[in-house]
Each structure stands twice: as C-alpha cells, then as structure tokens.
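Q: Pasting in a structure now, in structure tokens, and then I'll have a few things to ask.
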Amino acid sequence: MLKPTYLSTSVQNRLLLLIAAGLSPLATADQLTGQAIEEVTVTAQKRAQSIQDVPVTISAYNGDFLQQLGVSELDVLSEITPGLVIQEQSPNNPGFVIRGITSDSGSAQAAPRVSVYYNGADVSRSRGSYFELFDIERVEVVKGPQATLFGTAASVGALSVITNRPQQAFSSQLKLGLGNYSARTASGHINGGTDMVQGRFAFSFRDRDGFIDNIAGSARSQNPDGRRQDDMQAIERTALRTSLRFTPHEDLTIDLIYSYEENDDSGTSFKNGRFAPTGGSTSPFSFVEMAGSPFSRQALGRSDLGIEREVDDINLTLNWQLSERLTLTSVTAARSFESLEVFDADGTQAFFLEFGEDAEGDQFSQEFRAVHSGDRLTSIVGASYFSEDGSQRVPFSTEESIYLNCLGLLGSGLPCINADGSVNLLTPALTMGAAELLPYQAEFTNFGDNETFSVFADFTYAVDDRLELTAGLRYVSEDKTSGYSAIAPNAVLSGGPLLPIVSTGGAKLEADADFDDVLPRFNLLYRINDDTSLYATIAKGRRSEVLEVSSALDDSLNVIADVTEVPAEEVWNYETGIKGDALQRRLSYAASVFYQDYSDFQVTLQDEAGEFFTANAGSATNVGAEGELRALLGPYLELFTNLAYIDAEIDDDSANGDLAGNRFRLQPEWTASSGVFYSFPITRGLNIQGSVVYTYRSEVFFEPENAPIAGLDISEGSVSLVNARLGIEDSLGSWSLTLFADNLFDKEYLVDAGNTGGSFGNPTFVAGPPRFYGAEFSYRFGTL
C-alpha cells in the first residue's frame with residue numbers, strides 16, 4: 001500500500017514566493033523580516049477559532065482593517081467581500097445578497113434568507129436589520145447555508161457583526177470629519193474600569209445634504225401648489241452604544257450592551273423614467289420634482305418625503321467556563337424598531353402614486369449552548385427560542401383623474417405630464433366644475449406573529465492531526481400567525497376602489513399554521529501541512545414557509561381571508577475550498593467552488609396594487625467560485641484582492657413559469673476588488689498613510705423578470721469604482737489627519753430600478769452616490 005504524500009511547507013512556500021515576487025519586485029527578505037498579516041480569530045462555529053481552522057467559506061475583517069478603509073456603512077462591506085452584495089436604498093430598505101440570494105422583503109409575513117447577527121443575536125428582519133458600523137471588533141461573512149449553528153434565517157449565509165467590548169485600561173478616541181454636500185461626521189468612544197467592572201460608551205453621528213436636487217415647490221416648478229421639499233438622499237443618523245462587562249469571577253464574564261439608533265433621512269430619489277421634471281430630463285442623475293402627498297400628514301403624521309426610524313437593542317451575554325473543557329453560553333436579546341417612510345413612488349410632480357410605510361416590530365431571542373472540547377471530540381449542543389411581532393401599514397393617496405389618466409384608463413388622449421412639466425388635472429372637466437380636486441386615500445396592512453423553537457447539536461471529531469470530520473443537525477419548529485387588513489373606499493370617477501384590493505373596512509383577517517424541519521450539515525477539514533487546509537461541506541438550508549393572507553370576496557360577495565401557503569424554499573449546498581498562509585504569514589489566501597440546488601425557490605414580486613407577495617418560482621441552480629488574497633509587499637505596503645464568479649438562475653424549465661431561465665435579481669455574474677494600504681515614515685515622529693481600493697461588478701438585473709418595463713431597461717451594465725484615502729499620523733498612532741474621496745472619478749451608476757412605480761407602468765431609477773470627499777481628524781487619549 002502506498003503511503004500518502006504531502007506537499008511540503010518548503011515546496012509550497014517556494015511556489016508562493018514566486019507569486020509574491022511577481023506581485024512586488026521591490027520586497028526583499030530582509031525588509032519583510034518580522035512582519036506578518038495579523039491572524040484573524042472568528043466565532044462562526046460558536047467557539048473561538050483561527051479562520052484557517054474553520055471548514056466553511058468565510059471572509060472576516062477586524063476593526064482596524066475597517067478603519068483603514070473608512071468603512072462606516074454596511075453596504076461598503078460588499079465592495080470588499082466576494083459573493084456579498086448589500087443594497088442600501090435607504091436604512092429602512094436594505095437588501096442583503098449572499099451568492100445571488102436576496103433578503104430584502106419588508107413584509108411581516110415573510111422570513112429573511114440571510115441572517116444578520118448583531119453581537120450574537122439574530123436581527124435579520126429587513127426594516128430592523130440596518131445599523132451603523134462604528135467601534136467594531138470584527139465582521140464575519142459566512143457563505144453557504146449555516147442553519148445548524150445560526151438558525152433558519154441563514155439559509156444562504158450569515159453576516160455577523162461583533163462590537164468592541166469594554167476593557168480595564170482607560171482609552172478614548174474622538175474622530176471628526178467634514179466633506180462636500182455639507183457633510184459632518186463625529187464618532188468616538190471612552191473606555192475603562194476595574195478588575196470586576198468595565199464600561200465603554202461609543203457613538204456615531206453622520207449628517208449630509210442630499211445629492212439629488214428636488215425643485216418641487218420652488219420657483220422652477222410649473223406646479224406652485226407643491227410643498228417645498230428637501231433635496232433627496234440626505235442623511236442624518238445618530239447611533240449610541242453603552243457596554244458594560246462584569247467579571248465577578250475569572251471563569252464568568254457577563255456583557256450587557258444597549259444600542260440605540262435614530263435615522264432622519266430626506267428620502268429616496270425614485271426618478272421616473274417616462275416623464276421629466278419641469279425643465280429637466282429623465283436622467284436619474286439629474287434633479288427631480290417630487291412633491292409627495294398633501295395628505296401624508298393625515299395618514300402618517302408626516303408631510304415631508306423621507307424616513308424617520310428608531311431602533312432599540314439590548315443584549316445580555318453570559319460566558320461561564322465550568323471547567324477547562326466545558327463552557328456554557330447564554331445570549332438573551334430584545335430588539336424593537338419603528339420606521340416611518342413617505343415616498344413618491346411615481347417619481348414625478350404629479351399627485352399620482354404617493355405611498356407611505358409605517359412598519360414596526362418587536363423581537364425577543366434566547367439561546368443556550370454548551371461547548372465541550374475533548375482530546376479529539378468537540379461537541380456543541382444548544383437550544384434557542386425566537387419570537388417576533390411585526391406589522392407593515394402602507395397608506396396610498398392620489399388624485400383620481402390624475403391616477404386614471406396616467407394609467408391610460410380615461411381615454412383622454414392627454415399625457416400624464418405635458419412637455420412643459422405641467423400636470424393634466426382633468427377633474428374640473430369630468431365633474432362639470434363640481435370639483436377642482438378629487439383626492440383619494442386607501443391603505444393596507446400586513447401582520448406577522450412568529451415563534452420559533454429549535455435544538456441543535458454539532459460534533460467535530462479529529463481523526464488525527466490532519467483530518468477533522470464534522471456533523472451537525474438542527475431541528476426547528478415554527479408557529480406562524482399572519483394577518484391582513486385593508487381600507488379601500490370607492491372612487492368618485494370609477495365607482496370602485498382605485499387599487500385592485502378588497503376592503504376589509506379595517507377589520508383584521510388572520511390565519512395560522514405550524515411547520516417543522518430538520519437541517520443537517522457535514523464538513524471535512526484536511527490539513528495539508530501546518531499552513532494550508534482543504535475543506536469540503538454539504539449542508540441544507542431552508543427559508544421557511546410563507547403564510548400570506550389577503551382579502552377576497554366569496555360567491556355571496558362577503559369579505560373573506562384569502563390564504564396562500566408558499567412552500568418552504570430548500571437548498572442543498574455542495575462546496576470545497578482551500579485556505580492557508582505562507583512566507584511566515586506574509587501571504588494569506590482562500591479559494592472555494594460551490595454548487596447549490598434549490599427547490600421551491602421563492603421570489604418576491606409586486607402586484608398591480610403595489611403589494612409585495614411571495615411566489616414559488618420552482619427549481620433553481622447556483623454555481624460559483626470565490627477567491628481572496630492578502631499579501632505584504634514590502635515593509636510599508638499591503639495588498640488585498642478578491643474575485644467571485646456566480647452563475648445563479650432559475651432553471652430554464654417550462655414548469656418554472658414565466659421566470660424560467662432568469663438570473664437572480666441584484667446578483668452580478670462577476671465581482672472583484674483590489675486595494676493597497678501604505679504607511680511609511682516621513683520624519684522620526686510622523687508617518688504618511690493611505691489606501692486605494694478598486695471595485696468592479698458586472699451587469700445586474702434589478703427585478704426578477706429580467707425584462708424592460710414600459711420599454712425601459714431595468715438592468716445596468718458593469719460598474720467600476722475607486723475610493724482613496726491619504727493622510728498623516730504620528731508614529732505612536734495617537735492622532736491622524738486624513739483626506740478621503742469615495743467614488744473618486746464620480747462614476748454615475750444605479751443602485752435600484754423598477755421599484756413600486758414599475759408595477760404601475762412607471763419604472764423609477766435610483767442613483768448611486770456621486771463623489772464624496774472630505775477630511776477626518778482623529779485623536780486618541782489613554783492607552784493606544
């Protein structure tokens with residue numbers, strides 16, 4: 001029998017040395033002596049491990065790395081993470097995409113696909129999942145189904161953010177910034193304590209004017225009755241976090257964290273692709289004329305376009321080391337959010353499609369788990385409980401003649417908006433002068449009350465020093481209650497409701513159901529040598545059944561609940577990869593390939609009333625590859641680069657209906673990024689430091705249909721962006737002054753298209769941020 005042979009460390013290092021030499025002919029062995037890329041410790045498997053020892057595909061960044069790049073928003077993470085796309089249309093409507101699968105539904109009746117974890121607790125509900133990135137310890141992005149350890153929301157992956165914990169030594173930092181569009185930023189922390197009690201307070205504030213001018217209500221508008229609105233895409237975001245750590249015994253650590261966030265943004269620039277503002281064009285990068293609804297204050301208590309959002313989060317984590325081998329962890333968390341958004345869905349000066357959203361939710365979660373580390377067997381067992389109670393109320397208002405004329409239902413032959421920007425208001429003519437204006441209002445609300453209980457176990461057995469085998473299982477039981485109500489009066493001109501919904505008169509219709517499932521995973525880790533590992537995984541993911549409730553009329557014209565049960569989406573993930581480091585940790589790398597097989601693939605669509613619903617698109621397939629590389633190119637220079645290829649589409653099978661053969665929405669086929677960090681001394685006490693980051697994504701479709709709306713393309717070609725930072729700092733790191741530019745070359749690109757207006761034949765387009773530039777000053781006090 002032949003003995004197995006291994007690629008020796010020395011041979012491997014020679015090969016990788018050729019790569020490093022090619023990357024940096026200026027680097028010499030003497031220059032690099034003693035330098036190494038910092039080892040990243042992650043908790044993706046519910047215990048602290050080196051990232052190289054985790055048999056799944058994971059990207060991880062510590063807080064220092066994020067600060068070097070100036071990352072303060074979740075969506076920026078997708079610029080540096082292969083296989084991850086985060087679309088921030090607004091803090092009220094983020095979309096998380098891992099390997100082509102989008103999780104962005106705001107409905108209280110639908111479950112998320114991507115788990116967003118904040119300090120170990122699931123916060124994945126769309127309207128409550130956005131938060132500012134500040135004072136961060138690390139971020140982990142785990143790809144592929146992670147339901148065994150992260151829960152059912154991690155059907156395609158998980159994003160986990162861990163904030164900095166209090167330390168005993170005193171430290172503090174203050175960072176101030178100014179930029180174009182009147183941008184002002186401030187952030188910082190203060191930290192200290194005793195042997196037994198430590199505390200940390202951190203904050204972040206960001207304020208910036210809008211980058212899309214809104215002329216509604218100004219002298220430039222042909223519609224003087226419109227109320228003057230703020231420019232679009234302005235932000236005002238405040239975040240506070242208080243952390244306390246109690247260590248009554250060396251084996252017991254208790255962390256209590258309270259977080260609060262408040263957003264007051266001016267709203268999203270949904271620019272109509274068919275009708276131009278007064279004196280303008282339909283380009284999404286030019287000014288808009290969006291007046292909103294004069295009746296929004298009555299419906300929502302807010303007349304301005306924009307977003308008001310508050311999030312409260314409290315987390316109590318207990319880690320108790322019962323023995324050298326056994327650790328017990330308890331994570332108790334509660335989170336609540338209230339968000340109020342008024343948006344002009346048609347994106348014009350017409351009183352046409354004026355919508356709002358009043359969403360709120362409360363959630364509670366409790367997880368207990370025990371980790372036992374034996375000589376060869378590591379065991380994790382646990383149980384978790386999760387409950388959430390949420391609602392999403394959507395008011396709608398319009399002017400009857402404008403609505404019917406813009407949809408072509410009056411046969412007037414007149415356009416919705418004239419070439420000079422004036423709106424055709426036909427009510428006086430249609431009512432023979434009896435009315436000047438016929439405002440119409442309706443609303444619908446969906447409710448969701450969900451409870452989930454699960455138990456899980458995960459075992460890793462070390463066959464020898466090189467080979468580890470892992471098997472895990474989670475049993476999940478869900479109890480769902482969904483509700484719906486609608487108020488839709490008859491219109492004067494049409495004689496019936498303008499939106500195709502059945503009014504319940506405000507009465508709430510409900511349905512409930514129970515579901516359960518078993519979710520396994522199997523992993524293999526093989527260490528080729530001390531620096532390099534191969535891994536393979538097979539795992540099942542699941543997005544739970546959707547219990548949708550709406551209203552309908554029975555044969556006797558009585559209002560009844562129309563209940564649709566969309567089957568659970570299931571995915572089997574098959575994956576293999578390699579990860580490691582070389583050259584005394586001056587180079588680290590990871591690469592993986594995967595195949596995902598979906599059944600009962602769920603897609604979110606929007607009907608002609610503007611209501612979102614979940615549909616079963618049948619089977620789908622996802623094939624891809626990802627790679628990451630970090631290298632020290634010299635004593636003052638570090639490189640990172642990554643690349644991802646994803647071919648994700650609904651299977652081209654007639655059984656899959658109209659969406660057969662379509663690409664997944666928001667997912668580019670290719671994504672890549674590359675960046676360099678540099679820091680070198682210019683005097684004995686000063687360093688110059690900076691970074692340049694290049695990102696690329698190929699074409700994306702913004703809607704599942706992959707098709708034009710009203711003859712307008714709802715996709716976008718490839719986009720390349722460059723961000724840069726340059727500054728000076730003292731050699732001790734106590735202060736720094738940095739100049740920055742995001743989207744350095746002022747590239748015009750879209751972040752969304754289609755949207756609610758598209759359901760009414762008026763697709764809208766949302767511009768991405770232009771070039772932002774400015775300066776930041778940071779000063780540290782105490783321990784550095």
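Here, A, B, ... name the chains of the structure tokens in the order displayed, residue numbers run from 1 inside each chain, and ligands are numbered from 1 in the same displayed order.
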Got a sec: who's within 8 Å of segment 427-444 of chain A, counting only C-alpha atoms, leaving out chain neighbours fewer than 3 positions off, as a ChimeraX atom specification?

A: /A:393-401,484-489,491-492

Q: Go ahead and save the picked residues with N, CA, C and O atoms, as a PDB file, in the first residue's frame.

A:
ATOM      1  N   ARG A 393     -47.854  48.812   7.639  1.00  0.00           N
ATOM      2  CA  ARG A 393     -49.023  49.523   7.133  1.00  0.00           C
ATOM      3  C   ARG A 393     -48.594  50.404   5.975  1.00  0.00           C
ATOM      4  O   ARG A 393     -47.605  51.143   6.074  1.00  0.00           O
ATOM      5  N   VAL A 394     -49.313  50.322   4.857  1.00  0.00           N
ATOM      6  CA  VAL A 394     -48.946  51.045   3.635  1.00  0.00           C
ATOM      7  C   VAL A 394     -50.098  51.949   3.208  1.00  0.00           C
ATOM      8  O   VAL A 394     -51.044  51.487   2.571  1.00  0.00           O
ATOM      9  N   PRO A 395     -50.085  53.233   3.564  1.00  0.00           N
ATOM     10  CA  PRO A 395     -51.099  54.176   3.079  1.00  0.00           C
ATOM     11  C   PRO A 395     -50.802  54.565   1.625  1.00  0.00           C
ATOM     12  O   PRO A 395     -49.644  54.625   1.199  1.00  0.00           O
ATOM     13  N   PHE A 396     -51.853  54.863   0.894  1.00  0.00           N
ATOM     14  CA  PHE A 396     -51.740  55.271  -0.503  1.00  0.00           C
ATOM     15  C   PHE A 396     -52.663  56.463  -0.726  1.00  0.00           C
ATOM     16  O   PHE A 396     -53.783  56.509  -0.204  1.00  0.00           O
ATOM     17  N   SER A 397     -52.198  57.435  -1.501  1.00  0.00           N
ATOM     18  CA  SER A 397     -53.061  58.560  -1.848  1.00  0.00           C
ATOM     19  C   SER A 397     -52.753  59.015  -3.268  1.00  0.00           C
ATOM     20  O   SER A 397     -51.637  58.856  -3.773  1.00  0.00           O
ATOM     21  N   THR A 398     -53.764  59.575  -3.909  1.00  0.00           N
ATOM     22  CA  THR A 398     -53.633  60.041  -5.282  1.00  0.00           C
ATOM     23  C   THR A 398     -54.749  61.028  -5.562  1.00  0.00           C
ATOM     24  O   THR A 398     -55.648  61.242  -4.735  1.00  0.00           O
ATOM     25  N   GLU A 399     -54.737  61.640  -6.741  1.00  0.00           N
ATOM     26  CA  GLU A 399     -55.858  62.431  -7.242  1.00  0.00           C
ATOM     27  C   GLU A 399     -56.510  61.580  -8.326  1.00  0.00           C
ATOM     28  O   GLU A 399     -55.835  61.064  -9.221  1.00  0.00           O
ATOM     29  N   GLU A 400     -57.812  61.408  -8.244  1.00  0.00           N
ATOM     30  CA  GLU A 400     -58.497  60.419  -9.068  1.00  0.00           C
ATOM     31  C   GLU A 400     -58.260  60.604 -10.564  1.00  0.00           C
ATOM     32  O   GLU A 400     -57.903  59.658 -11.278  1.00  0.00           O
ATOM     33  N   SER A 401     -58.439  61.796 -11.066  1.00  0.00           N
ATOM     34  CA  SER A 401     -58.294  61.985 -12.509  1.00  0.00           C
ATOM     35  C   SER A 401     -56.851  61.824 -12.955  1.00  0.00           C
ATOM     36  O   SER A 401     -56.578  61.307 -14.048  1.00  0.00           O
ATOM     37  N   TYR A 484     -54.064  40.453   7.872  1.00  0.00           N
ATOM     38  CA  TYR A 484     -54.180  41.444   6.796  1.00  0.00           C
ATOM     39  C   TYR A 484     -55.423  42.288   7.024  1.00  0.00           C
ATOM     40  O   TYR A 484     -56.461  41.791   7.493  1.00  0.00           O
ATOM     41  N   SER A 485     -55.305  43.569   6.715  1.00  0.00           N
ATOM     42  CA  SER A 485     -56.472  44.449   6.727  1.00  0.00           C
ATOM     43  C   SER A 485     -56.326  45.461   5.606  1.00  0.00           C
ATOM     44  O   SER A 485     -55.202  45.747   5.155  1.00  0.00           O
ATOM     45  N   ALA A 486     -57.437  45.993   5.143  1.00  0.00           N
ATOM     46  CA  ALA A 486     -57.402  46.973   4.061  1.00  0.00           C
ATOM     47  C   ALA A 486     -58.583  47.923   4.181  1.00  0.00           C
ATOM     48  O   ALA A 486     -59.678  47.529   4.589  1.00  0.00           O
ATOM     49  N   ILE A 487     -58.304  49.167   3.827  1.00  0.00           N
ATOM     50  CA  ILE A 487     -59.355  50.173   3.726  1.00  0.00           C
ATOM     51  C   ILE A 487     -59.254  50.757   2.323  1.00  0.00           C
ATOM     52  O   ILE A 487     -58.260  51.408   1.981  1.00  0.00           O
ATOM     53  N   ALA A 488     -60.248  50.487   1.490  1.00  0.00           N
ATOM     54  CA  ALA A 488     -60.211  50.915   0.093  1.00  0.00           C
ATOM     55  C   ALA A 488     -61.590  51.407  -0.319  1.00  0.00           C
ATOM     56  O   ALA A 488     -62.418  50.630  -0.810  1.00  0.00           O
ATOM     57  N   PRO A 489     -61.883  52.687  -0.131  1.00  0.00           N
ATOM     58  CA  PRO A 489     -63.219  53.209  -0.483  1.00  0.00           C
ATOM     59  C   PRO A 489     -63.396  53.280  -2.001  1.00  0.00           C
ATOM     60  O   PRO A 489     -62.439  53.207  -2.775  1.00  0.00           O
ATOM     61  N   ALA A 491     -64.005  55.093  -5.474  1.00  0.00           N
ATOM     62  CA  ALA A 491     -63.656  56.391  -6.032  1.00  0.00           C
ATOM     63  C   ALA A 491     -64.877  57.022  -6.694  1.00  0.00           C
ATOM     64  O   ALA A 491     -65.804  56.333  -7.133  1.00  0.00           O
ATOM     65  N   VAL A 492     -64.875  58.344  -6.798  1.00  0.00           N
ATOM     66  CA  VAL A 492     -65.994  59.070  -7.410  1.00  0.00           C
ATOM     67  C   VAL A 492     -66.044  58.800  -8.914  1.00  0.00           C
ATOM     68  O   VAL A 492     -67.101  58.505  -9.478  1.00  0.00           O
TER      69      VAL A 492
END

Q: Near Arg237 of chain A, counting only C-alpha atoms, which residues have an atom at most 7 Å away, once you skip same-chain residues fewer than 3 positions from it, shown as a list in words?

A: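 The filter keeps Phe205, Arg206, Asp207, Glu262, Asn263 and Asp264 of chain A.
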
Q: Report the distance between atom CA of Ala631 of chain A and atom CA of Glu39 of chain A in Å, rounded to one decimal place.

A: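 That distance, rounded to one decimal, is 12.8 Å.
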
Q: For each of A:Leu316, A:Val123, A:Ala216, A:Leu499, take the minimum atom-to-atom distance to Gly361 of chain A, counting only C-alpha atoms, then give the residue where this is smallest.

A: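 That would be A:Val123, the residue with the smallest distance to Gly361 of chain A.
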
Q: Extract the full set of helix (DSSP H, G or I) residues from segment 310-423 of chain A according to DSSP on the backbone, and format it as a ChimeraX atom specification.

A: /A:400-406
